[in-house]
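Chemist: Quick one: this structure, given as structure tokens, is what I'll be asking you about.
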Amino acid sequence: MGLGEASARGTSMEGDCLSCIKYLMFVFNFLIFLGGSFLLGVGVWVVVDPTGFREIVAANPLLFMGVYIILAMGGMLFLLGFLGCCGAIRENKCLLLFFFMLILIIFLAELAAAILAFIFREHLTREYFTKELKRHYQGYNNTDVFTSTWNAIMNTFDCCGVNSPEDFEESIFRFINPGEVVPEACCRRNSHLGEAGFSNREECLSGSMLYRNNKGCYSAVVDYFEMYIYVAGALAIVVLTIELFAMVFAMCLFRGIQ
């Protein structure tokens, strides 16, 4: 009798534990689903917006790439949240297994990206970027992705070159444009004149320090994103931890379903 009661109590506790995991997993994945829906909505709105915002984004390679990253992340989170919610609430082993495999693939991809970032960290040095700028930056050829990206960076951050305007010495830009010391993207602009309002374009192109941006883009970008880099690192750790717990919960629920 005592053994029967203990067994029944154990079964009841196990059922309560599985029920708790089930609803925790549902709530967790519903939040992921909402987040994915929001990102998808923002991405689709920017892509199809008829008011002209799409043209602004398309003109800036950094923003253009960012929109499609948002769409991809939104779609991935939407699918993950949907699979997790359905698998948990319906106690469907097939959906739970698919959810687990998808989370595992994403987890391994993130881990591989972190390892590759560590291995190729020397490609993020000032010397590497300076060498690439000298070899590939053409100045006014916006059909070239490398050139248009650098123009967007220099215009966005009001900077010039990697370290300073001197980076354009002995570069392919100076070979193509022998009469110019720095490209137009390095020239200072009058904010009240808008995008095309240079302080003094001719003096800037001839090398005058008064009319060009003298700060290097490496320092400008690092200074701007310094706080975000630490936040991104902390978020990456949180996301990896959540993914680990999600896999554990999914497997516990998968094994507990009769």
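Identifiers in the structure tokens: chain A, B, ... in order shown; residue index from 1 per chain; ligand index from 1 in order shown.
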If you count only C-alpha atoms, which residues fall within 9 Å of Gly36 of chain A, apart from same-chain ones fewer than 5 positions away, as a list in words?

Modeler: Leu31, Gly41, Leu71, Met73, Gly74, Gly75, Met76, Leu77, Phe78, Leu79, Leu80 and Gly81 of chain A

Chemist: Based on the selection just made, write N, CA and C atoms of those residues as a compact mmCIF listing (two decimals), in the first residue's frame.

Modeler:
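For reference, out.txt as written:
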# COMPACT_ATOMS: atom_id res chain seq x y z
N LEU A 31 6.82 34.49 -26.65
CA LEU A 31 7.56 35.76 -26.67
C LEU A 31 8.50 35.81 -27.87
N GLY A 41 7.62 42.30 -39.51
CA GLY A 41 6.77 43.44 -39.87
C GLY A 41 7.59 44.67 -40.23
N LEU A 71 15.05 40.93 -41.65
CA LEU A 71 14.06 40.01 -42.22
C LEU A 71 14.43 38.54 -41.94
N MET A 73 16.41 37.36 -39.51
CA MET A 73 16.27 37.09 -38.07
C MET A 73 14.81 36.96 -37.68
N GLY A 74 13.97 37.87 -38.21
CA GLY A 74 12.54 37.82 -37.91
C GLY A 74 11.90 36.52 -38.36
N GLY A 75 12.23 36.10 -39.59
CA GLY A 75 11.69 34.84 -40.11
C GLY A 75 12.13 33.64 -39.28
N MET A 76 13.40 33.63 -38.88
CA MET A 76 13.92 32.53 -38.09
C MET A 76 13.24 32.47 -36.71
N LEU A 77 13.13 33.62 -36.04
CA LEU A 77 12.49 33.66 -34.73
C LEU A 77 11.00 33.32 -34.81
N PHE A 78 10.34 33.79 -35.88
CA PHE A 78 8.92 33.49 -36.11
C PHE A 78 8.71 31.98 -36.20
N LEU A 79 9.55 31.32 -37.02
CA LEU A 79 9.43 29.87 -37.20
C LEU A 79 9.74 29.12 -35.91
N LEU A 80 10.81 29.54 -35.22
CA LEU A 80 11.18 28.90 -33.96
C LEU A 80 10.05 29.01 -32.93
N GLY A 81 9.54 30.23 -32.76
CA GLY A 81 8.47 30.45 -31.79
C GLY A 81 7.23 29.64 -32.12

Chemist: Against segment 210-228 of chain A, which residues of segment 107-156 of chain A fall within 12 Å? For each one I want the closest pair of atoms and the distance in Å (one decimal), counting only C-alpha atoms, rows by chain and increasing residue number, as CSV.

Modeler:
residue,atom,partner,partner_atom,distance
A:Leu124,CA,A:Tyr218,CA,9.8
A:Thr125,CA,A:Tyr218,CA,9.0
A:Arg126,CA,A:Tyr218,CA,6.9
A:Glu127,CA,A:Tyr218,CA,10.5
A:Tyr128,CA,A:Tyr218,CA,11.2
A:Phe129,CA,A:Tyr218,CA,8.6
A:Thr130,CA,A:Tyr218,CA,9.6
A:Leu133,CA,A:Cys217,CA,11.4
A:Trp150,CA,A:Cys217,CA,9.4
A:Asn151,CA,A:Cys217,CA,10.9
A:Ala152,CA,A:Cys217,CA,11.1
A:Ile153,CA,A:Cys217,CA,7.5
A:Met154,CA,A:Cys217,CA,6.8
A:Asn155,CA,A:Asn213,CA,9.8
A:Thr156,CA,A:Val221,CA,9.7

Chemist: DSSP on the backbone, then: every residue of segment 41-252 of chain A marked helix (DSSP H, G or I), written as a ChimeraX atom specification.

Modeler: /A:41-48,53-59,61-90,93-119,121-124,126-136,145-157,165-168,172-176,184-186,191-193,201-205,209-211,217-252

Chemist: From the set A:Gln138, A:Thr241, A:Thr147, A:Asn200, which residue has the shortest atom-to-atom contact distance to Pro178 of chain A, counting only C-alpha atoms?

Modeler: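 Of the candidates, the smallest distance to Pro178 of chain A is held by A:Gln138.
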
Chemist: Report the distance between atom CA of Val46 of chain A and atom CA of Ala72 of chain A in Å, rounded to one decimal place.

Modeler: 13.7 Å

Chemist: Could you tell me which of A:Ile115, A:Val182, A:Ala109, A:Leu97 comes closest to Tyr140 of chain A if we count only C-alpha atoms?

Modeler: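 For Tyr140 of chain A, the nearest of the candidates is A:Val182.
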
Chemist: Give the answer as one residue: which of A:Leu95, A:Val67, A:Leu39, A:Met209 has the shortest atom-to-atom distance to Ser164 of chain A, using only C-alpha atoms?

Modeler: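 Among the listed residues, the smallest separation from Ser164 of chain A belongs to A:Met209.
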
Chemist: Excluding Lys134 of chain A and any residue of its chain fewer than 4 positions from it, enumerate the residues within 9 Å of it, using only C-alpha atoms, and give them as a PyMOL selection string.

Modeler: chain A and resi 129-130+138+167-173

Chemist: For a quick check of understanding, using only C-alpha atoms, which of A:Ile257, A:Val27, A:Leu83, A:Cys159 has the smallest distance to Phe100 of chain A?

Modeler: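 When distances to Phe100 of chain A are compared using only C-alpha atoms, the smallest one comes from A:Leu83.
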
Chemist: Figure out the distance between atom CA of Gly197 of chain A and atom CA of Val145 of chain A, please, to one decimal in Å.

Modeler: 24.6 Å
